[in-house]
>>> print(open('coords_19.tsv').read())   # TSV, C-alpha atoms
chain	number	residue	atom	x	y	z
A	1	MET	CA	30.68	-14.47	29.39
A	2	LYS	CA	32.35	-17.49	27.83
A	3	ARG	CA	32.51	-20.53	30.05
A	4	ILE	CA	35.27	-23.02	29.18
A	5	LEU	CA	34.24	-26.64	29.40
A	6	TYR	CA	36.44	-29.66	30.03
A	7	VAL	CA	34.91	-32.36	27.89
A	8	PHE	CA	35.99	-35.95	28.05
A	9	MET	CA	36.54	-37.60	24.66
A	10	LEU	CA	36.24	-41.36	24.45
A	11	TRP	CA	38.32	-44.17	22.94
A	12	GLN	CA	37.13	-46.06	19.91
A	13	GLY	CA	36.89	-49.85	19.60
A	14	LEU	CA	33.73	-51.92	19.25
A	15	ILE	CA	32.45	-55.28	20.34
A	16	PHE	CA	29.14	-56.86	19.37
A	17	SER	CA	26.12	-57.82	21.42
A	18	GLY	CA	22.89	-59.53	20.44
A	19	TYR	CA	21.38	-56.16	19.53
A	20	GLY	CA	24.26	-54.42	17.78
A	21	GLN	CA	27.47	-52.60	18.49
A	22	VAL	CA	28.64	-51.92	22.03
A	23	LYS	CA	31.34	-49.41	22.93
A	24	PRO	CA	33.39	-50.28	26.04
A	25	ASN	CA	36.05	-48.34	27.96
A	26	LEU	CA	35.62	-44.58	28.25
A	27	PRO	CA	38.96	-42.81	28.93
A	28	SER	CA	39.49	-39.04	28.62
A	29	GLY	CA	40.71	-36.18	26.46
A	30	GLN	CA	39.67	-32.52	26.20
A	31	LEU	CA	37.60	-30.04	24.21
A	32	ASN	CA	36.89	-26.46	25.16
A	33	LEU	CA	33.38	-25.88	23.76
A	34	ILE	CA	30.02	-27.55	24.21
A	35	HIS	CA	29.55	-27.46	20.43
A	36	PRO	CA	31.89	-26.89	17.48
A	37	LYS	CA	31.73	-23.80	15.30
A	38	GLY	CA	29.79	-23.78	12.05
A	39	LYS	CA	26.74	-25.74	13.20
A	40	ASN	CA	23.30	-24.89	11.83
A	41	LEU	CA	21.71	-22.16	13.97
A	42	GLY	CA	18.55	-24.26	14.05
A	43	ASP	CA	20.31	-27.07	15.93
A	44	ASN	CA	19.53	-27.10	19.62
A	45	VAL	CA	20.04	-28.56	23.06
A	46	HIS	CA	16.87	-30.57	22.66
A	47	CYS	CA	16.22	-32.25	26.01
A	48	SER	CA	17.80	-32.92	29.39
A	49	LEU	CA	17.59	-35.06	32.52
A	50	GLN	CA	19.27	-35.58	35.87
A	51	ASP	CA	20.03	-39.22	36.59
A	52	ARG	CA	19.86	-40.94	39.97
A	53	LYS	CA	23.60	-40.36	40.51
A	54	GLY	CA	23.15	-36.63	40.08
A	55	ASN	CA	24.69	-36.39	36.62
A	56	LEU	CA	23.06	-33.98	34.17
A	57	TRP	CA	22.52	-35.12	30.58
A	58	PHE	CA	21.98	-32.81	27.60
A	59	ALA	CA	21.00	-34.10	24.15
A	60	THR	CA	21.72	-32.10	21.01
A	61	THR	CA	20.35	-32.35	17.48
A	62	ALA	CA	23.76	-32.37	15.79
A	63	ASP	CA	26.51	-33.06	18.31
A	64	GLY	CA	25.51	-36.11	20.34
A	65	VAL	CA	25.06	-35.85	24.11
A	66	TYR	CA	26.89	-34.25	27.03
A	67	ARG	CA	27.04	-35.46	30.63
A	68	TYR	CA	27.91	-33.10	33.46
A	69	ASP	CA	29.01	-34.46	36.86
A	70	SER	CA	29.22	-30.99	38.52
A	71	LYS	CA	32.96	-30.85	37.73
A	72	ALA	CA	33.39	-31.58	34.03
A	73	PHE	CA	31.47	-32.40	30.85
A	74	ALA	CA	31.81	-35.76	29.12
A	75	HIS	CA	30.96	-35.76	25.40
A	76	PHE	CA	29.47	-38.83	23.66
A	77	THR	CA	29.07	-39.17	19.88
A	78	THR	CA	28.92	-41.89	17.23
A	79	LYS	CA	32.68	-42.33	17.69
A	80	ASP	CA	31.89	-43.71	21.13
A	81	GLY	CA	29.06	-46.07	20.15
A	82	LEU	CA	26.04	-43.76	20.07
A	83	ASN	CA	23.96	-44.68	17.01
A	84	SER	CA	23.52	-41.07	15.84
A	85	ASN	CA	24.58	-37.56	16.78
A	86	VAL	CA	20.99	-36.37	16.28
A	87	VAL	CA	19.53	-37.09	19.74
A	88	VAL	CA	15.98	-35.94	20.51
A	89	ALA	CA	14.96	-38.03	23.55
A	90	LEU	CA	16.56	-38.92	26.90
A	91	TYR	CA	15.26	-41.34	29.52
A	92	GLU	CA	16.60	-43.14	32.61
A	93	ASP	CA	15.01	-46.52	33.29
A	94	LYS	CA	14.42	-48.20	36.63
A	95	LYS	CA	17.80	-49.95	36.45
A	96	GLY	CA	19.68	-46.70	35.88
A	97	ASN	CA	20.35	-47.22	32.17
A	98	ILE	CA	20.17	-44.10	30.01
A	99	TRP	CA	18.18	-44.39	26.76
A	100	PHE	CA	18.60	-42.15	23.74
A	101	GLY	CA	16.03	-41.62	21.01
A	102	THR	CA	17.63	-40.53	17.73
A	103	ASP	CA	16.87	-40.11	14.06
A	104	LYS	CA	18.24	-43.64	13.60
A	105	GLY	CA	16.47	-45.50	16.38
A	106	VAL	CA	17.44	-46.21	19.99
A	107	SER	CA	20.69	-46.49	21.95
A	108	ARG	CA	21.13	-47.51	25.59
A	109	PHE	CA	24.03	-46.66	27.92
A	110	ASP	CA	24.67	-48.84	30.99
A	111	GLY	CA	27.31	-46.58	32.52
A	112	LYS	CA	30.16	-48.24	30.66
A	113	SER	CA	29.12	-48.87	27.08
A	114	PHE	CA	26.49	-48.13	24.44
A	115	THR	CA	24.17	-50.71	22.91
A	116	TYR	CA	22.26	-50.10	19.71
A	117	ILE	CA	18.76	-51.60	19.86
A	118	PRO	CA	17.17	-51.60	16.39
A	119	ILE	CA	13.44	-51.20	15.86
A	120	ALA	CA	12.18	-53.10	12.82
A	121	THR	CA	11.18	-50.55	10.20
A	122	VAL	CA	7.49	-50.63	9.32
A	123	ASN	CA	6.25	-48.83	6.23
A	124	THR	CA	2.77	-47.54	6.99
A	125	GLY	CA	2.60	-45.43	3.86
A	126	TYR	CA	2.09	-42.37	6.05
A	127	ILE	CA	3.72	-39.16	4.80
A	128	ASP	CA	4.88	-36.59	7.34
A	129	HIS	CA	3.26	-33.35	6.23
A	130	PHE	CA	6.05	-31.40	7.94
A	131	THR	CA	9.00	-33.05	6.16
A	132	ASN	CA	7.07	-34.48	3.19
A	133	LYS	CA	8.91	-37.76	3.73
A	134	PRO	CA	7.66	-41.22	4.75
A	135	ALA	CA	7.23	-41.45	8.52
A	136	THR	CA	9.26	-44.33	9.98
A	137	ALA	CA	9.91	-46.10	13.24
A	138	VAL	CA	13.57	-45.10	12.98
A	139	PHE	CA	13.05	-41.52	14.21
A	140	VAL	CA	12.29	-41.85	17.95
A	141	ASN	CA	11.08	-38.62	19.60
A	142	SER	CA	10.13	-39.90	23.06
A	143	ILE	CA	10.77	-42.78	25.48
A	144	LEU	CA	8.87	-44.03	28.53
A	145	GLU	CA	9.04	-46.99	30.92
A	146	ASP	CA	5.61	-47.57	32.47
A	147	LYS	CA	4.88	-48.77	36.01
A	148	ASN	CA	4.83	-52.39	34.77
A	149	GLY	CA	8.30	-52.15	33.29
A	150	LYS	CA	7.21	-52.04	29.64
A	151	PHE	CA	8.98	-49.55	27.40
A	152	TRP	CA	7.16	-47.21	25.03
A	153	PHE	CA	8.78	-45.43	22.09
A	154	GLY	CA	7.08	-42.56	20.29
A	155	ALA	CA	8.25	-42.60	16.68
A	156	GLU	CA	7.33	-40.79	13.51
A	157	ASN	CA	5.17	-43.61	12.17
A	158	GLY	CA	3.66	-44.79	15.44
A	159	VAL	CA	4.09	-45.94	19.02
A	160	TYR	CA	6.13	-49.06	19.77
A	161	GLN	CA	6.31	-51.21	22.89
A	162	TYR	CA	9.35	-53.19	24.01
A	163	ASN	CA	9.36	-56.05	26.53
A	164	GLY	CA	13.15	-56.40	26.66
A	165	LYS	CA	13.31	-58.79	23.73
A	166	THR	CA	10.96	-57.75	20.96
A	167	PHE	CA	9.17	-54.66	19.66
A	168	THR	CA	5.49	-54.56	18.84
A	169	ARG	CA	3.50	-51.77	17.26
A	170	PHE	CA	1.04	-50.43	19.85
A	171	SER	CA	-1.91	-49.91	17.48
A	172	ASP	CA	-1.61	-53.52	16.24
A	173	ASP	CA	-2.48	-54.89	19.70
A	174	PRO	CA	-5.85	-56.68	19.29
A	175	THR	CA	-6.66	-56.33	23.02
A	176	ILE	CA	-6.97	-52.53	22.77
A	177	THR	CA	-10.48	-51.12	22.62
A	178	ASN	CA	-10.14	-48.91	19.57
A	179	PRO	CA	-13.46	-48.68	17.68
A	180	ASN	CA	-12.28	-45.69	15.64
A	181	LYS	CA	-9.08	-47.51	14.62
A	182	LEU	CA	-6.90	-44.73	15.98
A	183	ASP	CA	-3.20	-45.03	15.15
A	184	PRO	CA	-0.97	-42.40	16.83
A	185	LYS	CA	1.74	-41.11	14.50
A	186	LEU	CA	4.25	-38.23	14.55
A	187	VAL	CA	4.42	-38.71	18.33
A	188	LEU	CA	6.47	-36.03	20.10
A	189	CYS	CA	6.09	-36.49	23.87
A	190	MET	CA	4.83	-39.18	26.27
A	191	ILE	CA	4.11	-39.35	30.00
A	192	GLU	CA	2.39	-41.77	32.38
A	193	ASP	CA	0.16	-40.03	34.91
A	194	LYS	CA	-0.52	-41.02	38.53
A	195	LYS	CA	-3.56	-43.07	37.48
A	196	GLY	CA	-1.56	-45.08	34.95
A	197	ASN	CA	-2.85	-43.33	31.83
A	198	ILE	CA	-0.32	-42.99	29.01
A	199	TRP	CA	-0.50	-39.64	27.20
A	200	PHE	CA	0.92	-38.85	23.74
A	201	THR	CA	1.22	-35.51	21.97
A	202	THR	CA	1.53	-35.48	18.19
A	203	ARG	CA	2.43	-33.15	15.37
A	204	ALA	CA	-0.72	-33.75	13.32
A	205	GLU	CA	-3.26	-35.79	15.29
A	206	GLY	CA	-3.82	-33.91	18.54
A	207	ILE	CA	-3.52	-35.62	21.93
A	208	TYR	CA	-3.96	-39.30	22.79
A	209	ARG	CA	-4.70	-40.99	26.12
A	210	PHE	CA	-4.54	-44.73	26.77
A	211	ASP	CA	-6.10	-45.93	30.06
A	212	GLY	CA	-4.81	-49.50	29.74
A	213	LYS	CA	-7.82	-50.66	27.76
A	214	THR	CA	-9.15	-47.91	25.52
A	215	LEU	CA	-7.39	-45.37	23.30
A	216	PHE	CA	-8.88	-41.86	23.25
A	217	ASN	CA	-8.12	-38.89	20.99
A	218	TYR	CA	-8.58	-35.19	21.83
A	219	ARG	CA	-8.30	-32.10	19.68
A	220	PRO	CA	-9.08	-29.17	21.98
A	221	ASN	CA	-9.81	-25.93	20.12
A	222	ASN	CA	-9.79	-28.06	16.93
A	223	GLU	CA	-5.99	-28.01	17.07
A	224	ASP	CA	-3.88	-30.95	15.92
A	225	TRP	CA	-0.28	-29.97	16.83
A	226	PHE	CA	0.76	-30.26	20.50
A	227	ARG	CA	4.15	-30.60	22.14
A	228	GLY	CA	5.08	-30.60	25.85
A	229	LEU	CA	3.34	-32.73	28.51
A	230	LEU	CA	3.33	-32.42	32.30
A	231	GLU	CA	1.27	-33.67	35.25
A	232	ASP	CA	1.11	-31.14	38.10
A	233	LYS	CA	0.93	-31.94	41.83
A	234	ASP	CA	-2.89	-31.93	41.71
A	235	GLY	CA	-3.05	-34.46	38.87
A	236	ASN	CA	-3.93	-31.98	36.11
A	237	ILE	CA	-2.37	-32.63	32.71
A	238	TRP	CA	-0.74	-29.62	31.04
A	239	VAL	CA	-0.23	-29.69	27.28
A	240	GLY	CA	1.95	-27.35	25.21
A	241	ARG	CA	0.19	-25.82	22.21
A	242	ARG	CA	1.76	-24.66	18.98
A	243	TYR	CA	1.85	-20.84	18.89
A	244	ARG	CA	-0.88	-20.64	21.56
A	245	GLY	CA	0.63	-21.31	25.00
A	246	VAL	CA	-0.86	-24.15	27.06
A	247	CYS	CA	-4.09	-25.93	27.90
A	248	ARG	CA	-4.88	-27.98	31.02
A	249	TYR	CA	-6.96	-31.15	31.46
A	250	ASP	CA	-8.65	-31.63	34.84
A	251	GLY	CA	-10.03	-35.10	34.14
A	252	LYS	CA	-13.18	-33.78	32.50
A	253	ALA	CA	-12.30	-31.05	30.01
A	254	PHE	CA	-9.45	-29.03	28.49
A	255	THR	CA	-9.17	-25.37	29.48
A	256	ASN	CA	-6.88	-22.80	27.87
A	257	VAL	CA	-4.59	-21.31	30.53
A	258	LEU	CA	-3.96	-17.77	29.33
A	259	GLN	CA	-1.35	-15.23	30.32
A	260	ASN	CA	-3.17	-12.61	28.21
A	261	GLY	CA	0.04	-11.53	26.56
A	262	LEU	CA	3.18	-12.76	24.84
A	263	PHE	CA	3.10	-16.28	26.31
A	264	ASP	CA	-0.15	-17.05	24.50
A	265	SER	CA	1.56	-16.66	21.10
A	266	CYS	CA	4.46	-18.99	21.93
A	267	THR	CA	4.96	-22.70	21.32
A	268	VAL	CA	5.42	-24.50	24.65
A	269	ILE	CA	8.02	-27.15	23.87
A	270	ALA	CA	8.80	-28.54	27.32
A	271	MET	CA	7.70	-28.16	30.94
A	272	THR	CA	9.04	-29.05	34.36
A	273	LEU	CA	7.62	-28.90	37.88
A	274	ASP	CA	9.95	-27.38	40.48
A	275	LYS	CA	10.24	-28.28	44.16
A	276	SER	CA	7.80	-25.51	45.14
A	277	GLY	CA	5.08	-26.63	42.73
A	278	ASN	CA	5.74	-23.92	40.13
A	279	ILE	CA	5.63	-24.92	36.47
A	280	TRP	CA	8.47	-23.82	34.18
A	281	PHE	CA	7.92	-23.59	30.43
A	282	ALA	CA	10.55	-23.70	27.67
A	283	THR	CA	9.06	-21.74	24.78
A	284	GLU	CA	9.90	-20.05	21.54
A	285	ALA	CA	7.99	-17.35	19.67
A	286	GLY	CA	5.56	-18.61	17.06
A	287	GLU	CA	6.72	-15.93	14.65
A	288	VAL	CA	10.19	-16.83	13.38
A	289	SER	CA	11.30	-13.20	13.13
A	290	LYS	CA	10.72	-12.74	16.89
A	291	ARG	CA	12.59	-15.79	18.17
A	292	GLU	CA	15.71	-13.80	19.06
A	293	THR	CA	13.79	-11.51	21.41
A	294	ASP	CA	10.54	-13.21	22.46
A	295	GLY	CA	9.67	-16.57	23.97
A	296	GLY	CA	12.25	-17.81	26.45
A	297	VAL	CA	11.58	-19.37	29.86
A	298	TRP	CA	8.38	-18.71	31.79
A	299	ARG	CA	7.39	-19.62	35.34
A	300	PHE	CA	3.81	-20.19	36.49
A	301	ASP	CA	3.05	-19.86	40.21
A	302	PRO	CA	-0.38	-21.39	40.96
A	303	LYS	CA	-0.47	-19.68	44.35
A	304	ARG	CA	-0.45	-16.17	42.89
A	305	GLU	CA	-3.56	-14.39	41.69
A	306	VAL	CA	-4.64	-14.63	38.07
A	307	GLY	CA	-2.88	-11.97	36.02
A	308	LYS	CA	0.26	-12.16	38.16
A	309	ASN	CA	0.97	-15.88	38.10
A	310	PHE	CA	3.04	-15.91	34.86
A	311	GLU	CA	6.58	-14.51	34.88
A	312	ASN	CA	9.02	-14.38	31.97
A	313	ILE	CA	12.35	-15.28	33.59
A	314	SER	CA	14.47	-14.73	30.50
A	315	ARG	CA	13.26	-11.17	29.91
A	316	LYS	CA	14.14	-10.17	33.46
A	317	ASP	CA	17.67	-11.58	33.31
A	318	ASP	CA	20.36	-12.07	30.68
A	319	LEU	CA	19.36	-15.09	28.61
A	320	ARG	CA	20.85	-14.40	25.19
A	321	ASN	CA	18.84	-17.00	23.25
A	322	HIS	CA	15.07	-16.87	23.69
A	323	ALA	CA	14.27	-19.90	21.51
A	324	THR	CA	14.33	-22.43	24.37
A	325	TRP	CA	13.78	-26.17	24.03
A	326	CYS	CA	14.22	-27.65	27.50
A	327	VAL	CA	14.38	-26.62	31.14
A	328	LEU	CA	15.50	-28.76	34.10
A	329	GLU	CA	15.83	-28.12	37.84
A	330	ASP	CA	18.82	-29.86	39.42
A	331	THR	CA	19.09	-31.05	43.02
A	332	SER	CA	20.81	-27.78	44.01
A	333	GLY	CA	17.88	-25.66	42.85
A	334	ASN	CA	19.57	-24.38	39.69
A	335	PHE	CA	17.74	-24.47	36.37
A	336	TRP	CA	19.41	-25.63	33.16
A	337	ILE	CA	18.09	-24.26	29.89
A	338	GLY	CA	18.78	-25.60	26.38
A	339	THR	CA	18.19	-23.38	23.35
A	340	ARG	CA	18.60	-23.12	19.62
A	341	ASN	CA	22.14	-22.64	18.29
A	342	THR	CA	23.11	-25.46	20.69
A	343	ASP	CA	23.36	-23.08	23.63
A	344	LEU	CA	23.23	-24.20	27.26
A	345	TYR	CA	22.62	-21.93	30.25
A	346	ARG	CA	22.39	-22.33	34.01
A	347	TYR	CA	19.99	-20.11	35.93
A	348	ASN	CA	20.66	-19.56	39.64
A	349	PRO	CA	17.65	-17.81	41.23
A	350	ARG	CA	19.71	-17.02	44.36
A	351	GLN	CA	22.05	-14.67	42.50
A	352	ALA	CA	21.41	-10.96	41.96
A	353	VAL	CA	19.32	-9.93	38.96
A	354	GLY	CA	21.58	-9.68	35.91
A	355	GLN	CA	23.97	-12.30	37.29
A	356	ARG	CA	21.69	-15.33	37.36
A	357	PHE	CA	22.52	-16.80	33.96
A	358	THR	CA	25.81	-18.56	33.17
A	359	ARG	CA	26.43	-19.60	29.58
A	360	PHE	CA	28.07	-23.01	29.04
A	361	SER	CA	28.70	-22.81	25.31
A	362	GLU	CA	30.59	-20.90	22.67
>>> encode(input="coords_19.tsv", output="structure tokens")
Amino acid sequence: MKRILYVFMLWQGLIFSGYGQVKPNLPSGQLNLIHPKGKNLGDNVHCSLQDRKGNLWFATTADGVYRYDSKAFAHFTTKDGLNSNVVVALYEDKKGNIWFGTDKGVSRFDGKSFTYIPIATVNTGYIDHFTNKPATAVFVNSILEDKNGKFWFGAENGVYQYNGKTFTRFSDDPTITNPNKLDPKLVLCMIEDKKGNIWFTTRAEGIYRFDGKTLFNYRPNNEDWFRGLLEDKDGNIWVGRRYRGVCRYDGKAFTNVLQNGLFDSCTVIAMTLDKSGNIWFATEAGEVSKRETDGGVWRFDPKREVGKNFENISRKDDLRNHATWCVLEDTSGNFWIGTRNTDLYRYNPRQAVGQRFTRFSE
């Protein structure tokens, strides 16, 4: 079923701030698709969030970002002040500003205009084994504001902190206890847990934890590539593995949480905790040839007995694209799912089986 979207286009015209270009005044126009035809099938709806006003935000890897206010979609691109249309991180700060991590740095939206906030490029000489290119601070994969109001940015060549005026490279801080001279790079996800620990997952160096004083590194199962991060209601840290499902840290050790089936061969890209305490996983099959049929969205119910606590939602209902990158529960209890091919779906668990998914893209 094709769902027609009303997408607000925005006027051009730039002014300058101390950090870069700012785009004011956001009037309207229309488009009928969430993404234009001819995009690379590998492009995706990469991440999502619901802001404090109830708006839903969806970031794409080729077409900027979309905002949904429950009535219409607004579309933001470089024409409107965003610093790149390749957006891989979304974050709302304590003031209600929306931050965007892109392949060209960081943009911030205050509800009226965009501000580009450049991070000074640092050449560490580190080569990304995945792209075979120099890892830089320009490509920002994750954003976090900690309980003290300091911002953290996970970039390809390291972790950066921002105090509102200047950026500093985290590993260069002389006050950190770091006897092994650890230097997190290729950082993908970040969270702050209830105890104030900052966690990082990376694409080549395993998992990092910073307790405010000391930096620790973990490589459970001798693995080095991890993705999604989540703290559950009991304070356990769940970590998405590449092609192997998830593991869980209880404060003492990492344990592989196995479904004993398809889930254990998937990459867990993102996770979310629903209002009932269930964990939802956005996954895609580790084997490329199976990504059109396997993977998808899984739900873990900790109250059910082992062997029955994992459920593949997308195999039960009509999710056309099983290579999923993000999942979000909105305040109405619907779940929004972003996939490869820049597809967006809404899952309504209250509908009859076979009618629960609505597609919001071409």
>>> closest_atom_pairs(input="coords_19.tsv", of="range 74-95 of chain A", to="range 147-155 of chain A", cutoff="10 Å", atoms="only C-alpha atoms", output="tab-separated table")
residue	atom	partner	partner_atom	distance
A:Ala89	CA	A:Gly154	CA	9.7
A:Asp93	CA	A:Gly149	CA	8.8
A:Lys94	CA	A:Gly149	CA	8.0
>>> axis_aligned_box(input="coords_19.tsv", around="range 299-315 of chain A", padding_each_side="8 Å", output="AutoDock Vina command-line options")
--center_x 4.9 --center_y -16.3 --center_z 37.1 --size_x 35.1 --size_y 26.2 --size_z 30.4
>>> atom_distance(input="coords_19.tsv", atom1="CA of Thr324 in chain A", atom2="CA of Asn217 in chain A")
28.0 Å
>>> atom_distance(input="coords_19.tsv", atom1="CA of Gly235 in chain A", atom2="CA of Ala282 in chain A")
20.6 Å
>>> atom_distance(input="coords_19.tsv", atom1="CA of Asp330 in chain A", atom2="CA of Gln355 in chain A")
18.4 Å
>>> closest_residue(input="coords_19.tsv", among="A:Asn309, A:Asn178, A:Ser265, A:Asn83", to="Ala285 in chain A", atoms="only C-alpha atoms")
A:Ser265
>>> decode(input="coords_19.tsv", residues="range 292-321 of chain A", atoms="N, CA and C atoms", output="PDB file, in the first residue's frame")
ATOM      1  N   GLU A 292      16.808  -9.745   2.225  1.00  0.00           N
ATOM      2  CA  GLU A 292      15.459  -9.440   1.769  1.00  0.00           C
ATOM      3  C   GLU A 292      14.410 -10.300   2.464  1.00  0.00           C
ATOM      4  N   THR A 293      14.855 -11.356   3.138  1.00  0.00           N
ATOM      5  CA  THR A 293      13.889 -12.281   3.748  1.00  0.00           C
ATOM      6  C   THR A 293      14.114 -12.513   5.234  1.00  0.00           C
ATOM      7  N   ASP A 294      15.345 -12.340   5.704  1.00  0.00           N
ATOM      8  CA  ASP A 294      15.664 -12.618   7.103  1.00  0.00           C
ATOM      9  C   ASP A 294      16.046 -11.326   7.829  1.00  0.00           C
ATOM     10  N   GLY A 295      16.167 -11.418   9.136  1.00  0.00           N
ATOM     11  CA  GLY A 295      16.481 -10.238   9.932  1.00  0.00           C
ATOM     12  C   GLY A 295      15.213  -9.607  10.445  1.00  0.00           C
ATOM     13  N   GLY A 296      15.013  -8.329  10.129  1.00  0.00           N
ATOM     14  CA  GLY A 296      13.787  -7.649  10.527  1.00  0.00           C
ATOM     15  C   GLY A 296      13.777  -7.204  11.979  1.00  0.00           C
ATOM     16  N   VAL A 297      12.574  -7.043  12.533  1.00  0.00           N
ATOM     17  CA  VAL A 297      12.384  -6.539  13.888  1.00  0.00           C
ATOM     18  C   VAL A 297      12.030  -7.687  14.829  1.00  0.00           C
ATOM     19  N   TRP A 298      12.739  -7.744  15.943  1.00  0.00           N
ATOM     20  CA  TRP A 298      12.508  -8.763  16.961  1.00  0.00           C
ATOM     21  C   TRP A 298      12.094  -8.098  18.263  1.00  0.00           C
ATOM     22  N   ARG A 299      11.310  -8.838  19.050  1.00  0.00           N
ATOM     23  CA  ARG A 299      10.905  -8.364  20.378  1.00  0.00           C
ATOM     24  C   ARG A 299      11.297  -9.419  21.417  1.00  0.00           C
ATOM     25  N   PHE A 300      11.904  -8.937  22.501  1.00  0.00           N
ATOM     26  CA  PHE A 300      12.320  -9.823  23.593  1.00  0.00           C
ATOM     27  C   PHE A 300      11.493  -9.498  24.820  1.00  0.00           C
ATOM     28  N   ASP A 301      10.759 -10.491  25.336  1.00  0.00           N
ATOM     29  CA  ASP A 301       9.940 -10.323  26.528  1.00  0.00           C
ATOM     30  C   ASP A 301      10.628 -11.034  27.692  1.00  0.00           C
ATOM     31  N   PRO A 302      11.224 -10.281  28.627  1.00  0.00           N
ATOM     32  CA  PRO A 302      11.963 -10.914  29.728  1.00  0.00           C
ATOM     33  C   PRO A 302      11.094 -11.700  30.686  1.00  0.00           C
ATOM     34  N   LYS A 303       9.772 -11.507  30.605  1.00  0.00           N
ATOM     35  CA  LYS A 303       8.867 -12.207  31.522  1.00  0.00           C
ATOM     36  C   LYS A 303       8.512 -13.607  31.022  1.00  0.00           C
ATOM     37  N   ARG A 304       8.762 -13.873  29.748  1.00  0.00           N
ATOM     38  CA  ARG A 304       8.429 -15.182  29.198  1.00  0.00           C
ATOM     39  C   ARG A 304       9.575 -16.167  29.411  1.00  0.00           C
ATOM     40  N   GLU A 305       9.260 -17.420  29.372  1.00  0.00           N
ATOM     41  CA  GLU A 305      10.269 -18.450  29.616  1.00  0.00           C
ATOM     42  C   GLU A 305      11.279 -18.497  28.486  1.00  0.00           C
ATOM     43  N   VAL A 306      12.498 -18.928  28.829  1.00  0.00           N
ATOM     44  CA  VAL A 306      13.563 -19.049  27.847  1.00  0.00           C
ATOM     45  C   VAL A 306      13.113 -20.000  26.741  1.00  0.00           C
ATOM     46  N   GLY A 307      13.370 -19.602  25.505  1.00  0.00           N
ATOM     47  CA  GLY A 307      12.928 -20.382  24.361  1.00  0.00           C
ATOM     48  C   GLY A 307      11.675 -19.820  23.727  1.00  0.00           C
ATOM     49  N   LYS A 308      10.944 -18.983  24.501  1.00  0.00           N
ATOM     50  CA  LYS A 308       9.723 -18.367  23.984  1.00  0.00           C
ATOM     51  C   LYS A 308       9.749 -16.850  24.140  1.00  0.00           C
ATOM     52  N   ASN A 309      10.894 -16.325  24.588  1.00  0.00           N
ATOM     53  CA  ASN A 309      10.938 -14.894  24.879  1.00  0.00           C
ATOM     54  C   ASN A 309      11.348 -14.029  23.689  1.00  0.00           C
ATOM     55  N   PHE A 310      11.812 -14.633  22.579  1.00  0.00           N
ATOM     56  CA  PHE A 310      12.106 -13.888  21.358  1.00  0.00           C
ATOM     57  C   PHE A 310      10.977 -14.090  20.353  1.00  0.00           C
ATOM     58  N   GLU A 311      10.561 -12.997  19.713  1.00  0.00           N
ATOM     59  CA  GLU A 311       9.536 -13.079  18.674  1.00  0.00           C
ATOM     60  C   GLU A 311       9.927 -12.199  17.500  1.00  0.00           C
ATOM     61  N   ASN A 312       9.891 -12.755  16.302  1.00  0.00           N
ATOM     62  CA  ASN A 312      10.195 -11.987  15.096  1.00  0.00           C
ATOM     63  C   ASN A 312       8.916 -11.326  14.599  1.00  0.00           C
ATOM     64  N   ILE A 313       8.781 -10.037  14.858  1.00  0.00           N
ATOM     65  CA  ILE A 313       7.567  -9.299  14.509  1.00  0.00           C
ATOM     66  C   ILE A 313       7.390  -9.208  13.000  1.00  0.00           C
ATOM     67  N   SER A 314       8.461  -8.992  12.285  1.00  0.00           N
ATOM     68  CA  SER A 314       8.357  -8.739  10.849  1.00  0.00           C
ATOM     69  C   SER A 314       8.061  -9.991  10.048  1.00  0.00           C
ATOM     70  N   ARG A 315       8.301 -11.166  10.584  1.00  0.00           N
ATOM     71  CA  ARG A 315       7.955 -12.396   9.867  1.00  0.00           C
ATOM     72  C   ARG A 315       6.483 -12.751  10.078  1.00  0.00           C
ATOM     73  N   LYS A 316       5.912 -12.263  11.170  1.00  0.00           N
ATOM     74  CA  LYS A 316       4.503 -12.542  11.437  1.00  0.00           C
ATOM     75  C   LYS A 316       3.603 -11.630  10.611  1.00  0.00           C
ATOM     76  N   ASP A 317       4.039 -10.389  10.407  1.00  0.00           N
ATOM     77  CA  ASP A 317       3.233  -9.416   9.676  1.00  0.00           C
ATOM     78  C   ASP A 317       3.951  -8.974   8.410  1.00  0.00           C
ATOM     79  N   ASP A 318       3.372  -8.015   7.708  1.00  0.00           N
ATOM     80  CA  ASP A 318       3.820  -7.664   6.368  1.00  0.00           C
ATOM     81  C   ASP A 318       4.818  -6.514   6.374  1.00  0.00           C
ATOM     82  N   LEU A 319       6.040  -6.784   6.809  1.00  0.00           N
ATOM     83  CA  LEU A 319       7.137  -5.824   6.652  1.00  0.00           C
ATOM     84  C   LEU A 319       7.889  -6.227   5.399  1.00  0.00           C
ATOM     85  N   ARG A 320       7.876  -5.382   4.391  1.00  0.00           N
ATOM     86  CA  ARG A 320       8.458  -5.753   3.093  1.00  0.00           C
ATOM     87  C   ARG A 320       9.981  -5.783   3.128  1.00  0.00           C
ATOM     88  N   ASN A 321      10.601  -4.919   3.921  1.00  0.00           N
ATOM     89  CA  ASN A 321      12.058  -4.823   3.938  1.00  0.00           C
ATOM     90  C   ASN A 321      12.572  -5.311   5.281  1.00  0.00           C
TER      91      ASN A 321
END
